[in-house]
There are 2 protein chains.
Amino acid sequence: MDSTFVVGIDVGGQTSKLGVVDARGTVLAQTVIRTDTYNEIEPYIAELAEAVKRIIKEAGVEGNVRGIGVGAPNANYYDGTIENAVNLSWGGAKSIPFAKLLSKAMGGLPVSLTNDANAAAVGEMTYGAARGMKNFIMITLGTGVGSGIVINGDVVYGHDGFAGELGHVTAVRNNGRSCNCGKTGCLEAYASAIGMAKTAREWLELSDEPSLLRSLDNITSKDVYEAAKDGDKLALKVFDFTGKMLGRSFADFIAFSSPEAIVLFGGLARAKEFLLGPIEEAMNGNVLPLWRNKVKIVFSQLKESDAAILGASALAWEL
Amino acid sequence: MDSTFVVGIDVGGQTSKLGVVDARGTVLAQTVIRTDTYNEIEPYIAELAEAVKRIIKEAGVEGNVRGIGVGAPNANYYDGTIENAVNLSWGGAKSIPFAKLLSKAMGGLPVSLTNDANAAAVGEMTYGAARGMKNFIMITLGTGVGSGIVINGDVVYGHDGFAGELGHVTAVRNNGRSCNCGKTGCLEAYASAIGMAKTAREWLELSDEPSLLRSLDNITSKDVYEAAKDGDKLALKVFDFTGKMLGRSFADFIAFSSPEAIVLFGGLARAKEFLLGPIEEAMNGNVLPLWRNKVKIVFSQLKESDAAILGASALAWEL
């Protein structure tokens, strides 16, 4: 593998980030293009392919690129398609043969596709906190809650390619919050950045407890984090609650695949100081005795700016 | 594999069943020995080895046996031990090197060990309802609720060999019933044969509703089944509730590994007529839209009397 390289592409709703990566996880060249200015897939793929060629040239590795790994919402690993991606301007209620289109535009270079959280799991296993682990669960705490499950060193794709939707297990059975997916009580409705902000807003309305957050108009998870750092009691309780919801669900995940660790990644995971304690307490309080205090909670070590590209690129090594 | 055979052993608390099996899943010879008359492992192993030799001779396949598969409570696949098996008279708070002891007593014949539910999953995949499936979850509904998870054709053992304890996910978060494991609200506390009988007893006490079950002293799940067959309304509601508890949890299991099917096995699974409807309704009502009405609920097709032996024996083919 000495002189081969891969390309990683992270397709987001607004922008797509891409980079050329070597076997050690160094990003040699990278760039960003807009995703949301295209309503059709063809011109987007054309610009994306141009950008890939540009950074390969910039990195000086022409002819030595092994393949392209892509992380994208609603991606199906088995057939390389993106299905019903309503959050992508060229997505919508259809199936797009993304891997095939990009490979064709790149003169036949192999392309592998998976969802963002699975890509992050592969990245963490190849370059990050899960290096050397064969059994772990990656939980991404961002706008939503995503997951990538690794068993015996392989990402779990399931019967249809869509396994690992742990943001949509039921965290609250009765009178649970509505979730974007159409269900109620999903873990994502409580433990995502948006869910945590909602908890703060609900609690401010239900009590008269003083809080730094009362002066703010449209509270975000970042506001809650800043307030917690300033010692705000209500903000700290919001983190306790969010961590407890995560930990309780983690206990169930452990009963499933008995992982060595649960790895947390994404914006909210930066709040380790406020989340780790409540997560561990709820997790160990809800798990079978045989796993009590045995499963590690690990926070991602990947450089935030490179993580998405690295995660996607790691897929390409398996091509 | 034409002329090779395997031995399957199902170690239960009271008895151990064993048989010689061919590649088609035919049990050529079988016998039963007591488990609970031994307080030490050594004499038990000695009698077990004698019994194995006897049925191999009876089947006329001496010299053609490839290995022995064992299903046992608290068994660890990775190291062939039985750990802290308080329900076995020679078990207790220790680690027993079962595979090693039996292999030695059998002159070095390879022995593979796993827990009962995993053995049932392998049996179902090799000879039963899951033949040809690569992704499914086996749920055993007996005295307890056990599980064996198959992903990409392999049983999931996890980091430590104990994965697949789906009877101990939390089905009821608040004021849940006590479970034998020490936790509260576990699925097993509601959906096992014992849990279902408890539901019936609780409901009889809480209401004045007439029921055939009122005349009985110590209600079992079998009594509830018989009453349901006679059209008893309370018994039918107990099945509805039990099925709902199962279906709600199955929805979370699907979000994890996206299986092709969930296969039900064990005493309670015989009540398909009363369980299937409520399970499917609760499962499809709690799962992401992409899986709605897509995951099959399958009832085991293995002959009950042979199932335990077949399940354990199937392990030995992988030796």
# chains A, B, ... in the order shown; residues from 1 in each chain; ligands from 1

call {"tool": "interface_residues", "arguments": {"of": "chain A", "to": "chain B", "cutoff": "10 Å", "atoms": "only C-alpha atoms", "output": "compact mmCIF listing (two decimals) with N, CA, C and O atoms, in the first residue's frame"}}
result
# COMPACT_ATOMS: atom_id res chain seq x y z
N MET A 133 -9.81 -2.14 17.51
CA MET A 133 -11.04 -2.74 18.04
C MET A 133 -11.77 -3.48 16.93
O MET A 133 -11.85 -3.03 15.80
N LYS A 134 -12.38 -4.62 17.29
CA LYS A 134 -13.13 -5.39 16.31
C LYS A 134 -14.62 -5.32 16.58
O LYS A 134 -15.44 -5.68 15.73
N ASN A 135 -14.99 -4.91 17.80
CA ASN A 135 -16.40 -4.83 18.16
C ASN A 135 -16.67 -3.53 18.89
O ASN A 135 -16.29 -3.37 20.05
N PHE A 136 -17.29 -2.59 18.19
CA PHE A 136 -17.65 -1.32 18.84
C PHE A 136 -18.86 -0.72 18.13
O PHE A 136 -19.26 -1.18 17.04
N SER A 147 -25.69 6.03 13.74
CA SER A 147 -24.87 4.98 14.32
C SER A 147 -24.22 4.12 13.26
O SER A 147 -24.76 3.96 12.16
N GLY A 148 -23.06 3.61 13.59
CA GLY A 148 -22.36 2.66 12.76
C GLY A 148 -21.91 1.53 13.67
O GLY A 148 -21.25 1.77 14.67
N ILE A 149 -22.32 0.31 13.36
CA ILE A 149 -22.05 -0.81 14.24
C ILE A 149 -20.98 -1.70 13.63
O ILE A 149 -21.09 -2.09 12.47
N VAL A 150 -19.94 -1.99 14.39
CA VAL A 150 -18.86 -2.86 13.88
C VAL A 150 -18.84 -4.15 14.71
O VAL A 150 -18.77 -4.10 15.94
N ILE A 151 -18.95 -5.27 14.02
CA ILE A 151 -18.91 -6.58 14.66
C ILE A 151 -17.85 -7.42 13.96
O ILE A 151 -17.85 -7.52 12.73
N ASN A 152 -16.92 -7.98 14.72
CA ASN A 152 -15.82 -8.75 14.13
C ASN A 152 -15.07 -7.99 13.06
O ASN A 152 -14.65 -8.56 12.05
N ASP A 154 -16.20 -5.83 10.94
CA ASP A 154 -16.99 -5.42 9.77
C ASP A 154 -18.17 -4.52 10.16
O ASP A 154 -18.82 -4.76 11.18
N VAL A 156 -21.87 -3.46 10.15
CA VAL A 156 -23.11 -4.23 9.98
C VAL A 156 -24.03 -3.48 9.01
O VAL A 156 -24.41 -2.34 9.27
N TYR A 157 -24.35 -4.11 7.89
CA TYR A 157 -25.26 -3.49 6.92
C TYR A 157 -26.64 -4.13 6.95
O TYR A 157 -27.61 -3.55 6.49
N GLY A 158 -26.74 -5.34 7.46
CA GLY A 158 -28.04 -6.01 7.56
C GLY A 158 -28.53 -6.55 6.24
O GLY A 158 -27.82 -6.53 5.23
N HIS A 159 -29.76 -7.03 6.28
CA HIS A 159 -30.35 -7.70 5.12
C HIS A 159 -30.47 -6.77 3.92
O HIS A 159 -30.29 -7.19 2.78
N ASP A 160 -30.77 -5.49 4.17
CA ASP A 160 -31.10 -4.56 3.09
C ASP A 160 -30.09 -3.43 2.92
O ASP A 160 -30.26 -2.58 2.05
N GLY A 161 -29.04 -3.41 3.76
CA GLY A 161 -28.05 -2.34 3.65
C GLY A 161 -28.33 -1.15 4.55
O GLY A 161 -27.55 -0.19 4.57
N PHE A 162 -29.42 -1.17 5.32
CA PHE A 162 -29.78 0.00 6.13
C PHE A 162 -29.66 -0.22 7.64
O PHE A 162 -30.22 0.54 8.43
N ALA A 163 -28.95 -1.27 8.06
CA ALA A 163 -28.82 -1.54 9.50
C ALA A 163 -28.15 -0.37 10.22
O ALA A 163 -27.46 0.43 9.60
N GLY A 164 -28.35 -0.31 11.54
CA GLY A 164 -27.67 0.71 12.33
C GLY A 164 -28.41 2.03 12.38
O GLY A 164 -27.83 3.08 12.13
N GLU A 165 -29.69 1.99 12.68
CA GLU A 165 -30.46 3.23 12.84
C GLU A 165 -30.79 3.42 14.32
O GLU A 165 -31.95 3.55 14.70
N LEU A 166 -29.74 3.45 15.15
CA LEU A 166 -29.97 3.45 16.59
C LEU A 166 -30.51 4.77 17.12
O LEU A 166 -30.95 4.85 18.27
N GLY A 167 -30.52 5.81 16.29
CA GLY A 167 -31.19 7.05 16.69
C GLY A 167 -32.70 6.87 16.77
O GLY A 167 -33.40 7.69 17.36
N HIS A 168 -33.18 5.76 16.19
CA HIS A 168 -34.63 5.57 16.14
C HIS A 168 -35.12 4.37 16.94
O HIS A 168 -36.21 3.85 16.69
N VAL A 169 -34.35 3.94 17.92
CA VAL A 169 -34.92 3.04 18.93
C VAL A 169 -35.79 3.91 19.83
O VAL A 169 -35.62 5.13 19.90
N THR A 170 -36.73 3.26 20.52
CA THR A 170 -37.65 4.03 21.37
C THR A 170 -37.02 4.28 22.74
O THR A 170 -36.75 3.34 23.48
N ALA A 171 -36.76 5.54 23.04
CA ALA A 171 -36.17 5.90 24.33
C ALA A 171 -37.27 6.19 25.35
O ALA A 171 -37.10 5.96 26.53
N VAL A 172 -38.39 6.73 24.87
CA VAL A 172 -39.52 7.04 25.75
C VAL A 172 -40.78 6.40 25.17
O VAL A 172 -41.17 6.71 24.04
N ARG A 173 -41.37 5.47 25.93
CA ARG A 173 -42.49 4.68 25.39
C ARG A 173 -43.80 5.44 25.36
O ARG A 173 -44.58 5.31 24.43
N ASN A 174 -44.07 6.20 26.42
CA ASN A 174 -45.38 6.84 26.52
C ASN A 174 -45.26 8.36 26.44
O ASN A 174 -44.44 8.95 27.12
N CYS A 181 -38.75 11.29 11.87
CA CYS A 181 -39.00 10.07 11.11
C CYS A 181 -40.48 9.71 11.07
O CYS A 181 -40.88 8.80 10.36
N GLY A 182 -41.29 10.40 11.90
CA GLY A 182 -42.72 10.09 11.92
C GLY A 182 -43.14 9.31 13.16
O GLY A 182 -44.32 9.19 13.46
N LYS A 183 -42.15 8.74 13.88
CA LYS A 183 -42.46 8.01 15.11
C LYS A 183 -42.43 8.97 16.31
O LYS A 183 -42.15 10.16 16.16
N THR A 184 -42.69 8.45 17.49
CA THR A 184 -42.55 9.27 18.70
C THR A 184 -41.60 8.57 19.68
O THR A 184 -41.46 7.35 19.67
N GLY A 185 -40.94 9.39 20.49
CA GLY A 185 -40.10 8.84 21.56
C GLY A 185 -38.74 8.33 21.13
O GLY A 185 -38.04 7.70 21.93
N CYS A 186 -38.34 8.59 19.89
CA CYS A 186 -37.04 8.11 19.41
C CYS A 186 -35.89 8.74 20.20
O CYS A 186 -35.97 9.90 20.61
N ARG A 248 -29.08 4.94 29.03
CA ARG A 248 -30.13 3.91 29.13
C ARG A 248 -30.22 3.11 27.83
O ARG A 248 -30.33 1.88 27.84
N SER A 249 -30.18 3.82 26.72
CA SER A 249 -30.26 3.12 25.43
C SER A 249 -28.98 2.33 25.15
O SER A 249 -29.03 1.22 24.61
N ALA A 251 -27.27 0.73 27.20
CA ALA A 251 -27.36 -0.54 27.93
C ALA A 251 -28.04 -1.59 27.05
O ALA A 251 -27.62 -2.76 27.01
N ASP A 252 -29.08 -1.19 26.33
CA ASP A 252 -29.75 -2.13 25.43
C ASP A 252 -28.86 -2.51 24.25
O ASP A 252 -28.86 -3.66 23.80
N PHE A 253 -28.10 -1.55 23.75
CA PHE A 253 -27.21 -1.85 22.61
C PHE A 253 -26.16 -2.89 23.03
O PHE A 253 -25.77 -3.76 22.25
N ILE A 254 -25.69 -2.77 24.26
CA ILE A 254 -24.68 -3.71 24.76
C ILE A 254 -25.25 -5.13 24.82
O ILE A 254 -24.58 -6.09 24.45
N ALA A 255 -26.52 -5.25 25.25
CA ALA A 255 -27.15 -6.57 25.31
C ALA A 255 -27.22 -7.19 23.92
O ALA A 255 -27.28 -8.41 23.77
N PHE A 256 -27.22 -6.38 22.90
CA PHE A 256 -27.27 -6.88 21.53
C PHE A 256 -25.90 -7.40 21.09
O PHE A 256 -25.74 -8.59 20.87
N SER A 257 -24.91 -6.54 21.02
CA SER A 257 -23.66 -6.97 20.37
C SER A 257 -22.45 -7.01 21.30
O SER A 257 -21.35 -7.31 20.84
N SER A 258 -22.63 -6.74 22.59
CA SER A 258 -21.53 -6.81 23.54
C SER A 258 -20.24 -6.19 22.99
O SER A 258 -19.24 -6.88 22.78
N PRO A 259 -20.26 -4.88 22.75
CA PRO A 259 -19.08 -4.21 22.18
C PRO A 259 -18.01 -3.95 23.23
O PRO A 259 -18.30 -3.92 24.43
N GLU A 260 -16.79 -3.76 22.74
CA GLU A 260 -15.70 -3.37 23.63
C GLU A 260 -15.87 -1.92 24.08
O GLU A 260 -15.55 -1.56 25.20
N ALA A 261 -16.40 -1.10 23.18
CA ALA A 261 -16.57 0.33 23.48
C ALA A 261 -17.71 0.92 22.68
O ALA A 261 -18.10 0.39 21.64
N GLY A 285 -26.16 1.32 35.18
CA GLY A 285 -27.32 1.03 36.01
C GLY A 285 -28.39 0.23 35.29
O GLY A 285 -29.33 -0.27 35.91
N ASN A 286 -28.25 0.08 33.97
CA ASN A 286 -29.29 -0.60 33.19
C ASN A 286 -28.79 -1.82 32.44
O ASN A 286 -29.53 -2.41 31.64
N VAL A 287 -27.55 -2.20 32.68
CA VAL A 287 -26.96 -3.29 31.90
C VAL A 287 -26.87 -4.54 32.78
O VAL A 287 -26.89 -4.44 34.00
N LEU A 288 -26.82 -5.72 32.17
CA LEU A 288 -26.66 -6.95 32.95
C LEU A 288 -25.37 -6.87 33.79
O LEU A 288 -24.38 -6.31 33.33
N PRO A 289 -25.40 -7.46 34.99
CA PRO A 289 -24.21 -7.41 35.86
C PRO A 289 -22.92 -7.78 35.14
O PRO A 289 -21.87 -7.20 35.41
N LEU A 290 -22.97 -8.73 34.22
CA LEU A 290 -21.73 -9.19 33.58
C LEU A 290 -21.01 -8.11 32.80
O LEU A 290 -19.81 -8.21 32.53
N TRP A 291 -21.75 -7.05 32.40
CA TRP A 291 -21.13 -5.96 31.63
C TRP A 291 -20.95 -4.68 32.44
O TRP A 291 -20.49 -3.68 31.91
N VAL A 295 -17.80 -1.80 29.73
CA VAL A 295 -17.81 -1.27 28.37
C VAL A 295 -17.36 0.20 28.39
O VAL A 295 -17.91 1.02 29.11

call {"tool": "residues_around", "arguments": {"residues": "region 107-113 of chain B", "least_positions_apart": "6", "cutoff": "9 Å", "atoms": "only C-alpha atoms", "output": "PyMOL selection string"}}
result
chain B and resi 65-72+75-82+98-100+119+312+315-316+318-319

call {"tool": "residues_around", "arguments": {"residues": "Gly231 (chain B)", "least_positions_apart": "4", "cutoff": "12 Å", "atoms": "only C-alpha atoms", "output": "ChimeraX atom specification"}}
result
/B:211-213,224-227,235-237,239,274

call {"tool": "atom_distance", "arguments": {"atom1": "CA of Thr26 (chain B)", "atom2": "CA of Phe299 (chain B)"}}
result
20.3 Å

call {"tool": "select_by_dssp", "arguments": {"residues": "region 160-265 of chain A", "states": "strand (DSSP E)", "output": "list of chain:residue names"}}
result
A:Ala261, A:Ile262, A:Val263, A:Leu264, A:Phe265

call {"tool": "select_by_dssp", "arguments": {"residues": "region 107-260 of chain A", "states": "helix (DSSP H, G or I)", "output": "ChimeraX atom specification"}}
result
/A:116-127,166-168,188-191,193-206,212-215,221-229,233-257

call {"tool": "atom_distance", "arguments": {"atom1": "CA of Asp240 (chain B)", "atom2": "CA of Ala197 (chain B)"}}
result
13.2 Å
